[in-house]
Amino acid sequence: MVDVVFDPGNVVPPAEVEDVELYHPHSWITKYVFSQDAKVIAIQYAMTAISIGVVALVLSWLMRLQLGFPGTFSFIDGSNYYQYITMHGMIMVVYLLTALFLGGFGNYLIPLMVGARDMAFPYVNMISYWVYLLAVLVLAASFFVPGGPTGAGWTLYPPQAILSGTPGRDFGIILMLVSLMLFIIGFTMGGLNYVVTTLQLRTRGMTLMRLPLTVWGIVTATIMALLAFPGLFVACVMMLFDRVLGTSFFMPAIIEGGELQKYSGGSPILFQHLFWFFGHPEVYIVAVPAFGIVSDLISTHARKNIFGYRMMVWAIVSIGALSFVVWGHHMYVSGMNPQFGFFFAVTTLIIAVPTAIKVYNWVLTLWRADIHLEVPMLFALAFIVTFVIGGVTGLFLGNVSVDVPLSATMFVVAHFHMVMGVAPILVVFGGIYHWYPKVTGRMLNDTLGRIHFWVTFLGTYAIFFPMHYLGLIGVPRRYYELGDAAFVPPSAQSLNAFITIAALIVGAAQIAFFFNLIWSLFRGKEAGSNPWRATTLEWQTPETPPGHGNWGKNLPIVYRWAYDYSAPGAKEDFLPQNQPPQAVPAPAGAAS
Amino acid sequence: MSVTILFLALIASIVGWFLAHQRLTAKPWLEVGVIGDVRDTVPPPAFVAKVGLGVLLAVIGCLFALLSSAYLMRAGLADWKLLPVPRILWLNTVLLVLSSAALQWALIGARRGLMEDVRAGLFAGGLCALAFVAGQLLAWRELNAAGYFLASNPANAFFYLLTGVHALHILGGLVALGRTISKASLGVAMSALRSSVELCAIYWHFLLFVWLALFALLTGFAGDVFVICRALLT
């Protein structure tokens, strides 16, 4: 294989691109509401996801109020508490993070970063958003039906999810299952677009190995989601049958309130297999796009090429593949065969290898770099620290013998919030601070951004660090009230109160972020087309914000990889991907 | 979950094969200029649509692999009672094979530019597919009449679920086929029609394959093969 293709004198003619038949909006409605433009769809996805995410944030406040000050708030009872838990978890994981990373960032960045005019199937892409919105509305509707939303926990384990003791058993669970099915249908339509656009619509010169890692991350996560979500879909359909039509896919013969139920012969473990076949890849579906985005943020704001680009790509792909054979580590305590436990523990620990490679590469990218501590960079650095901490506790929990005593304690809550809650959300914020200037043409306010960062970063540590300790002394998760458990010292209660206060502050600090988003839209500093002096294609558009069709008359031609920062001999400290080689003086040095 | 794992292994090998041809060992930081193996223009929309369909089929395939896994996992428990498969399913299978063959005929016609063949093939394919769905409904009625209700036994529930999900996919395909037929009858140019015909044909062949696999599963044939394979492996 030829490793080096270096041809400094290669004069490439401008790409002769046929006038691609693009959809052209004719009215305000088709331009901003029922739009087929991926950039508009991205903003719609992001705004919907963030709106429902705020609901989930408020729910977490309510939970924390109960845990921190039990008995103080009369409007929270046991049933409400379980409903808050369920809705908070499901919204944050599926409706916020998945939708925001893939539907929001994916829609905006993929066409721009690969140099395409739009997605491959814009009409399908538009439908994808509207089905997603419908899913969100159906989910939100469950707050208003008799009995309220389901309180089955975000894992929706049968049999309890559809037994009458569980809150929301009448309508809430049905709406939840229907909403998830809609979400999956909508996502599949969008996901097709992200994959096919990246595979087929890359501009001239954009090989796969020249793609920014953001695109690698988002597309790998999309492929994983396309294959994992059917697991959830099957589980939802079968549970809906059990609940509505009285079948017994998951429901064993069960006596409830002294009465034998009509169910018999179902297997609850079957549900767990289907759910976690989706559930574990889902963790990486929100983590892998974050990996990609954070790589780009670090490289850009450290003015240095990403260390080990190839390793980063291989690691992303192998994490994606491995994540499909680890689902059993969520089921160590389900009574499954111990041999399986051994298998899943081994695969779980193996997945730490590519993940660690990524962390080393980020750190080595920072080594002797020209680090600019802009707000997006602060979030990116915070991500690395948070992800490492969350990941290390994951290694503990991946071992059967450690997991068994810890599995139903606050330790698990702390672990997964650090690794797949806080860490990806930090990247979401970093990404928004980074790309907001491209989306709106204006910079976000820097001071507000820094306040937002420090309160969020330190505040989330104040919330989740002590939670590890609570878990280690045996404070169980999912408990509405601790009561007088002998093993829980009174200090645990003070710690819980402290966590609650921290959670209230962190939640409130997000107001600064939302205010910043709106205020900067009108009053922010003009950004220009490339405020971070970045190399990737989205910063090289002729207009900012990019116009319809993204690129004006000719598509860009790509001459180099996405990380040409501080190239020796170059006039600027960055070389955009579409800058032809002859424009660089001293080409002999450019190859090193 | 062995069916699902096998399916994922298949997908992984396709992805791996694709990536192996993408110069993943290149050192992009050393390469400047437009690289040799890069395409010159954007691929034709027909090809892009075909790739899109391929991805969709992978998703649908995963759905059915998971359903089959669930079926086999439940079938492994002691109280599993297979229900008698209605005879009409054999007829339905023949109808679906005919439907698929008719669409293949339409595709061959489209490649040769024979509009009459295309129209006849599309119509015949659509009718056979409709007859297949009607036949599935008859099978359901027959089972219901014989007292095999949806909720009376997990085996029954799985039967209705698998056949139902498959029939829904056929109906979805019929929407696309209907659009293609209306294009063909409106006299759209053959070059524009060919891609639609091809997509329909691929989708139909895929659903035929899925049906054959499901049929083998529901008649218990696949279960026997599965048991033999396991016995051979252990």
# chains A, B, ... in the order shown; residues from 1 in each chain; ligands from 1
$ residues_around --residues "segment 184-195 of chain B" --least-positions-apart "3" --cutoff "12 Å" --atoms "only C-alpha atoms" --output "MDAnalysis selection string"
chainID B and resid 44:51 53 103:104 106:123 177:181 198:202
$ write_last_selection --atoms "C-alpha atoms" --output "mmCIF file, in the first residue's frame"
data_model
loop_
_atom_site.group_PDB
_atom_site.id
_atom_site.type_symbol
_atom_site.label_atom_id
_atom_site.label_comp_id
_atom_site.auth_asym_id
_atom_site.auth_seq_id
_atom_site.Cartn_x
_atom_site.Cartn_y
_atom_site.Cartn_z
ATOM 1 C CA PRO B 44 -25.923 9.475 -9.535
ATOM 2 C CA PRO B 45 -29.047 9.776 -7.338
ATOM 3 C CA ALA B 46 -30.141 6.256 -8.327
ATOM 4 C CA PHE B 47 -27.019 4.798 -6.739
ATOM 5 C CA VAL B 48 -27.406 6.931 -3.626
ATOM 6 C CA ALA B 49 -30.975 5.668 -3.264
ATOM 7 C CA LYS B 50 -29.762 2.098 -3.583
ATOM 8 C CA VAL B 51 -27.251 2.579 -0.777
ATOM 9 C CA LEU B 53 -32.228 1.092 0.691
ATOM 10 C CA LEU B 103 -40.850 -7.749 -10.033
ATOM 11 C CA GLN B 104 -37.635 -9.332 -11.243
ATOM 12 C CA ALA B 106 -40.226 -5.954 -14.494
ATOM 13 C CA LEU B 107 -36.639 -5.117 -13.611
ATOM 14 C CA ILE B 108 -35.274 -7.110 -16.547
ATOM 15 C CA GLY B 109 -37.825 -5.345 -18.744
ATOM 16 C CA ALA B 110 -36.691 -1.971 -17.425
ATOM 17 C CA ARG B 111 -33.057 -2.777 -18.163
ATOM 18 C CA ARG B 112 -33.975 -3.726 -21.735
ATOM 19 C CA GLY B 113 -36.282 -0.743 -22.168
ATOM 20 C CA LEU B 114 -39.475 -2.781 -22.614
ATOM 21 C CA MET B 115 -42.201 -0.648 -21.053
ATOM 22 C CA GLU B 116 -44.899 -3.295 -21.528
ATOM 23 C CA ASP B 117 -42.924 -5.840 -19.515
ATOM 24 C CA VAL B 118 -42.324 -3.302 -16.786
ATOM 25 C CA ARG B 119 -46.001 -2.463 -16.422
ATOM 26 C CA ALA B 120 -47.111 -6.087 -16.533
ATOM 27 C CA GLY B 121 -44.440 -7.143 -14.053
ATOM 28 C CA LEU B 122 -45.252 -4.363 -11.617
ATOM 29 C CA PHE B 123 -48.983 -5.067 -11.768
ATOM 30 C CA LEU B 177 -44.791 -0.052 -5.516
ATOM 31 C CA GLY B 178 -48.046 1.859 -6.021
ATOM 32 C CA ARG B 179 -46.086 5.040 -6.637
ATOM 33 C CA THR B 180 -43.871 3.231 -9.119
ATOM 34 C CA ILE B 181 -46.926 1.812 -10.915
ATOM 35 C CA GLU B 198 -34.941 -1.797 -9.071
ATOM 36 C CA LEU B 199 -35.507 -0.560 -5.518
ATOM 37 C CA CYS B 200 -38.901 -2.290 -5.370
ATOM 38 C CA ALA B 201 -37.438 -5.538 -6.684
ATOM 39 C CA ILE B 202 -34.595 -5.551 -4.157
#
$ residues_around --residues "Val85 of chain B" --least-positions-apart "6" --cutoff "10 Å" --atoms "only C-alpha atoms" --output "compact mmCIF listing (two decimals) with N, CA and C atoms, in the first residue's frame"
# COMPACT_ATOMS: atom_id res chain seq x y z
N ALA B 139 -55.30 -16.91 7.08
CA ALA B 139 -54.63 -17.82 8.01
C ALA B 139 -54.95 -17.44 9.45
N LEU B 143 -56.94 -19.73 12.24
CA LEU B 143 -56.41 -20.05 13.57
C LEU B 143 -57.36 -19.61 14.67
N PHE B 159 -46.65 -16.16 16.83
CA PHE B 159 -47.09 -16.39 15.45
C PHE B 159 -47.75 -15.14 14.88
N PHE B 215 -41.00 -18.50 8.02
CA PHE B 215 -41.82 -19.69 7.78
C PHE B 215 -41.13 -20.92 8.34
N LEU B 218 -41.56 -20.78 12.03
CA LEU B 218 -42.91 -21.03 12.55
C LEU B 218 -43.32 -22.49 12.38
N THR B 219 -42.84 -23.14 11.35
CA THR B 219 -43.20 -24.55 11.18
C THR B 219 -42.37 -25.45 12.08
N GLY B 220 -41.37 -24.86 12.77
CA GLY B 220 -40.55 -25.68 13.65
C GLY B 220 -39.32 -26.22 12.95
$ closest_residue --among "A:Val475, A:Val439, A:Val114, A:Leu470" --to "chain B" --atoms "only C-alpha atoms"
A:Val114
$ select_by_dssp --residues "segment 478-509 of chain A" --states "alpha helix (DSSP H)" --output "ChimeraX atom specification"
/A:490-509
$ write_last_selection --atoms "C-alpha atoms" --output "compact mmCIF listing (two decimals), in the first residue's frame"
# COMPACT_ATOMS: atom_id res chain seq x y z
CA PRO A 490 -27.04 10.57 59.94
CA SER A 491 -24.19 12.19 58.03
CA ALA A 492 -25.55 10.57 54.87
CA GLN A 493 -28.60 12.74 55.26
CA SER A 494 -26.52 15.92 55.50
CA LEU A 495 -24.64 14.83 52.41
CA ASN A 496 -27.92 14.32 50.59
CA ALA A 497 -29.03 17.82 51.55
CA PHE A 498 -25.72 19.21 50.28
CA ILE A 499 -26.14 17.37 46.96
CA THR A 500 -29.63 18.76 46.58
CA ILE A 501 -28.47 22.34 47.10
CA ALA A 502 -25.69 21.81 44.55
CA ALA A 503 -28.20 20.38 42.07
CA LEU A 504 -30.49 23.38 42.49
CA ILE A 505 -27.60 25.76 41.85
CA VAL A 506 -26.34 23.89 38.78
CA GLY A 507 -29.84 23.75 37.33
CA ALA A 508 -30.36 27.45 37.92
CA ALA A 509 -27.01 28.24 36.31
$ atom_distance --atom1 "atom CA of Ile218 of chain A" --atom2 "atom CA of Phe275 of chain A"
22.4 Å
$ closest_residue --among "B:Ala157, B:Leu98, B:Trp17, B:Leu89" --to "chain A" --atoms "only C-alpha atoms"
B:Ala157
$ closest_residue --among "A:Gly148, A:Pro212, A:Pro230, A:Gly320" --to "chain B" --atoms "only C-alpha atoms"
A:Pro230
$ residues_around --residues "Leu168 of chain B" --least-positions-apart "5" --cutoff "9 Å" --atoms "only C-alpha atoms" --output "PyMOL selection string"
chain B and resi 133+163+173
$ residues_around --residues "segment 184-190 of chain A" --least-positions-apart "2" --cutoff "6 Å" --atoms "only C-alpha atoms" --output "PDB file with C-alpha atoms, in the first residue's frame"
ATOM      1  CA  ASN A 125     -35.052  14.056   6.726  1.00  0.00           C
ATOM      2  CA  SER A 128     -37.807  12.434  10.578  1.00  0.00           C
ATOM      3  CA  VAL A 131     -42.089  12.176  13.744  1.00  0.00           C
ATOM      4  CA  TYR A 132     -39.581  12.995  16.492  1.00  0.00           C
ATOM      5  CA  MET A 181     -41.737   3.458  18.863  1.00  0.00           C
ATOM      6  CA  LEU A 182     -42.388   6.765  17.122  1.00  0.00           C
ATOM      7  CA  LEU A 192     -30.436   6.719   6.900  1.00  0.00           C
ATOM      8  CA  ASN A 193     -29.629  10.252   5.821  1.00  0.00           C
TER       9      ASN A 193
END
$ closest_atom_pairs --of "chain B" --to "chain A" --cutoff "7 Å" --atoms "only C-alpha atoms" --output "JSON lines"
{"residue": "B:Gln22", "atom": "CA", "partner": "A:Leu208", "partner_atom": "CA", "distance": 6.7}
{"residue": "B:Leu24", "atom": "CA", "partner": "A:Met209", "partner_atom": "CA", "distance": 6.4}
{"residue": "B:Ala26", "atom": "CA", "partner": "A:Asp3", "partner_atom": "CA", "distance": 5.5}
{"residue": "B:Lys27", "atom": "CA", "partner": "A:Asp3", "partner_atom": "CA", "distance": 6.4}
{"residue": "B:Pro28", "atom": "CA", "partner": "A:Trp561", "partner_atom": "CA", "distance": 5.7}
{"residue": "B:Trp29", "atom": "CA", "partner": "A:Trp561", "partner_atom": "CA", "distance": 6.2}
{"residue": "B:Leu30", "atom": "CA", "partner": "A:Ala591", "partner_atom": "CA", "distance": 5.5}
{"residue": "B:Glu31", "atom": "CA", "partner": "A:Val5", "partner_atom": "CA", "distance": 5.3}
{"residue": "B:Val32", "atom": "CA", "partner": "A:Arg560", "partner_atom": "CA", "distance": 5.0}
{"residue": "B:Gly33", "atom": "CA", "partner": "A:Tyr559", "partner_atom": "CA", "distance": 4.3}
{"residue": "B:Val34", "atom": "CA", "partner": "A:Gly205", "partner_atom": "CA", "distance": 5.0}
{"residue": "B:Ile35", "atom": "CA", "partner": "A:Gly205", "partner_atom": "CA", "distance": 6.1}
{"residue": "B:Val38", "atom": "CA", "partner": "A:Gly205", "partner_atom": "CA", "distance": 5.8}
{"residue": "B:Arg39", "atom": "CA", "partner": "A:Arg204", "partner_atom": "CA", "distance": 6.5}
{"residue": "B:Asp40", "atom": "CA", "partner": "A:Arg204", "partner_atom": "CA", "distance": 6.1}
{"residue": "B:Thr41", "atom": "CA", "partner": "A:Val17", "partner_atom": "CA", "distance": 6.4}
{"residue": "B:Val42", "atom": "CA", "partner": "A:Leu201", "partner_atom": "CA", "distance": 6.1}
{"residue": "B:Pro43", "atom": "CA", "partner": "A:Gln200", "partner_atom": "CA", "distance": 6.8}
{"residue": "B:Val48", "atom": "CA", "partner": "A:Gln200", "partner_atom": "CA", "distance": 6.4}
{"residue": "B:Val51", "atom": "CA", "partner": "A:Val196", "partner_atom": "CA", "distance": 6.7}
{"residue": "B:Gly52", "atom": "CA", "partner": "A:Val196", "partner_atom": "CA", "distance": 5.9}
{"residue": "B:Val55", "atom": "CA", "partner": "A:Leu192", "partner_atom": "CA", "distance": 6.5}
{"residue": "B:Leu56", "atom": "CA", "partner": "A:Leu192", "partner_atom": "CA", "distance": 6.9}
{"residue": "B:Val59", "atom": "CA", "partner": "A:Leu227", "partner_atom": "CA", "distance": 5.8}
{"residue": "B:Cys62", "atom": "CA", "partner": "A:Leu227", "partner_atom": "CA", "distance": 6.2}
{"residue": "B:Leu63", "atom": "CA", "partner": "A:Pro230", "partner_atom": "CA", "distance": 5.0}
{"residue": "B:Leu66", "atom": "CA", "partner": "A:Gly231", "partner_atom": "CA", "distance": 6.4}
{"residue": "B:Leu67", "atom": "CA", "partner": "A:Val234", "partner_atom": "CA", "distance": 6.7}
{"residue": "B:Ala70", "atom": "CA", "partner": "A:Leu270", "partner_atom": "CA", "distance": 6.8}
{"residue": "B:Leu150", "atom": "CA", "partner": "A:Thr247", "partner_atom": "CA", "distance": 6.6}
{"residue": "B:Ala151", "atom": "CA", "partner": "A:Thr247", "partner_atom": "CA", "distance": 4.2}
{"residue": "B:Pro154", "atom": "CA", "partner": "A:Ser248", "partner_atom": "CA", "distance": 5.9}
{"residue": "B:Ala157", "atom": "CA", "partner": "A:Thr247", "partner_atom": "CA", "distance": 6.3}
$ atom_distance --atom1 "atom CA of Val388 of chain A" --atom2 "atom CA of Pro424 of chain A"
12.3 Å
$ residues_around --residues "segment 289-296 of chain A" --least-positions-apart "4" --cutoff "10 Å" --atoms "only C-alpha atoms" --output "PyMOL selection string"
chain A and resi 98+101-102+105-106+212-222+284-285+300-302+305-307+309+312-313+316+355+358-359+361-362+365+376-377+379-381+383-384+387+420+423-428+430-431+434+534-536+562-563
$ residues_around --residues "Leu217 of chain B" --least-positions-apart "6" --cutoff "9 Å" --atoms "only C-alpha atoms" --output "NGL selection string"
:B and (68 or 71-72 or 223)
$ atom_distance --atom1 "atom CA of Ile29 of chain A" --atom2 "atom CA of Trp130 of chain A"
14.0 Å
$ residues_around --residues "Phe514 of chain A" --least-positions-apart "4" --cutoff "12 Å" --atoms "only C-alpha atoms" --output "compact mmCIF listing (two decimals) with C-alpha atoms, in the first residue's frame"
# COMPACT_ATOMS: atom_id res chain seq x y z
CA MET A 47 -34.63 23.30 20.17
CA ILE A 50 -33.41 21.13 24.73
CA SER A 51 -37.01 22.08 25.57
CA VAL A 54 -35.49 21.34 30.58
CA PHE A 429 -22.28 22.81 25.70
CA ILE A 432 -22.83 24.85 21.08
CA TYR A 433 -20.29 27.49 22.19
CA LEU A 444 -21.86 33.97 22.51
CA ASN A 445 -21.01 36.24 25.41
CA LEU A 448 -21.60 34.54 30.76
CA GLY A 449 -20.06 31.48 29.12
CA HIS A 452 -21.90 28.99 33.07
CA GLY A 507 -29.84 23.75 37.33
CA ALA A 508 -30.36 27.45 37.92
CA ALA A 509 -27.01 28.24 36.31
CA GLN A 510 -28.39 26.97 33.03
CA ILE A 518 -31.10 34.50 23.15
CA TRP A 519 -29.24 37.68 24.02
CA SER A 520 -26.29 36.91 21.73
CA LEU A 521 -28.61 36.22 18.84
